[in-house]
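As structure tokens, the structure follows; a few thoughts come after it.
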Protein chains: 2
Amino acid sequence: MEQRVSLITLGVTDLDRARRFYEALGWRGQEVEETVFFQAGGLGLVLWGREKLARDSGREAGTAGGFGGFGGFGGFGGIVLAHNVRSRDEVDALLGQAERAGGRVTKPAAESPHGFYSGAFADPDGHPWEVAHNPGFPLAEDGALTLPEFDTL
Amino acid sequence: MEQRVSLITLGVTDLDRARRFYEALGWRGQEVEETVFFQAGGLGLVLWGREKLARDSGREAGTAGGFGGFGGFGGFGGIVLAHNVRSRDEVDALLGQAERAGGRVTKPAAESPHGFYSGAFADPDGHPWEVAHNPGFPLAEDGALTLPEFDTL
């Protein structure tokens, strides 16, 4: 696993309110399919409905946060990190490696609607990582992710 | 507020276990004062005791996660984002701006033991952001953060 983060997704209850907040701080993003993407250095910061985010990570949105489950896998705190890789094989390999290292695969790798392939694991404290191959989000040689211009896709 | 993230801190219950997990995935970091720092592209990914992390953000570690408080400020999910700036004045200014934008200042700006100055706000969904001026963690012109070599400080 390269030492980098591709996306940080914040689960939100009201996408417009969340977008307005970050825009009031000066951020500018793109909205596509009820998702707001901000380019933030070499990664994307994403706002997405938190129920969908939890489901997508194989987690329950309604459970207590990461602080609920001392000593074991915590609940879902509403922030998901993503690590994008360069091939589907790397997705499978990294999920296997995470499990052997003491993590828990919360969503086995599967194809998603937009041609990407992803799964998810939780680290020993329950922090969720999505692992994805998404040809639409190019990775530089150093792993930096650049969001596409969605309206030109 | 520049459009970037400086640190992602994961609250953990067992620092050694968490460090071993990320090391088993191939990550290499530095441990200093019960904190593990990994350089991850232009930001730092940090492992820190979750009680300390919650306290440091002005949050309660024991409350339900970000999914507990629909429609309002959620609880603490165990992940804190940090946005480092270039001066103490910028810390004050950004906390004020976050409040005016509909966020909540959860920790007023104050000096910390290591010569840095920081405060924290929660976005409308309760996601915590630390805002910090930390001369020990240099920022490049584009905002990328480079962790110091702690053992040479």
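In the structure tokens, chains take letters A, B, ... by order of appearance, with residues numbered from 1 within each chain and ligands from 1 in the order shown.
With chain A held fixed and chain B fitted to it over all Cα atoms, the RMSD is 0.0 Å.
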Looking only at the backbone, which of the residues in chain A does DSSP tag as alpha helix (DSSP H), as a JSON list (two decimals) with C-alpha atoms, in the first residue's frame?
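Saved result, selection18.json, follows:
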[["chain", "number", "residue", "atom", "x", "y", "z"],
["A", 15, "LEU", "CA", -25.62, 18.34, 0.90],
["A", 16, "ASP", "CA", -26.59, 21.93, 0.06],
["A", 17, "ARG", "CA", -25.92, 23.12, 3.58],
["A", 18, "ALA", "CA", -22.56, 21.35, 3.65],
["A", 19, "ARG", "CA", -21.59, 22.71, 0.24],
["A", 20, "ARG", "CA", -22.56, 26.26, 1.25],
["A", 21, "PHE", "CA", -20.43, 25.95, 4.38],
["A", 22, "TYR", "CA", -17.28, 24.96, 2.49],
["A", 23, "GLU", "CA", -17.98, 27.54, -0.20],
["A", 24, "ALA", "CA", -18.29, 30.22, 2.48],
["A", 50, "ARG", "CA", -23.99, 9.87, 5.04],
["A", 51, "GLU", "CA", -26.45, 7.01, 4.73],
["A", 52, "LYS", "CA", -25.15, 6.29, 1.25],
["A", 53, "LEU", "CA", -21.58, 6.62, 2.44],
["A", 54, "ALA", "CA", -22.13, 4.19, 5.29],
["A", 55, "ARG", "CA", -23.85, 1.68, 3.02],
["A", 56, "ASP", "CA", -21.11, 2.02, 0.45],
["A", 88, "ARG", "CA", -8.34, -4.23, -10.01],
["A", 89, "ASP", "CA", -5.75, -6.78, -8.92],
["A", 90, "GLU", "CA", -4.29, -4.23, -6.54],
["A", 91, "VAL", "CA", -7.73, -3.75, -4.97],
["A", 92, "ASP", "CA", -8.03, -7.45, -4.26],
["A", 93, "ALA", "CA", -4.45, -7.69, -3.03],
["A", 94, "LEU", "CA", -4.76, -4.78, -0.63],
["A", 95, "LEU", "CA", -8.02, -6.02, 0.88],
["A", 96, "GLY", "CA", -6.37, -9.38, 1.50],
["A", 97, "GLN", "CA", -3.34, -7.72, 3.02],
["A", 98, "ALA", "CA", -5.52, -5.56, 5.31],
["A", 99, "GLU", "CA", -7.31, -8.65, 6.57],
["A", 100, "ARG", "CA", -4.09, -10.51, 7.25]]
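If only C-alpha atoms are the atoms counted, then among A:Leu7, A:Ser112, A:Asp142, A:Val85 the closest residue to chain B is A:Asp142.
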Given the choices A:Leu43, A:Ile79, A:Val131, A:Ala122, which gets closest to A:Leu147 if the distance is worked out from only C-alpha atoms?
A:Leu43
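Checking A:Ile8, A:Ala120, A:Thr152, A:Gln3 one by one against B:Gly29, counting only C-alpha atoms, you find the shortest gap at A:Gln3.
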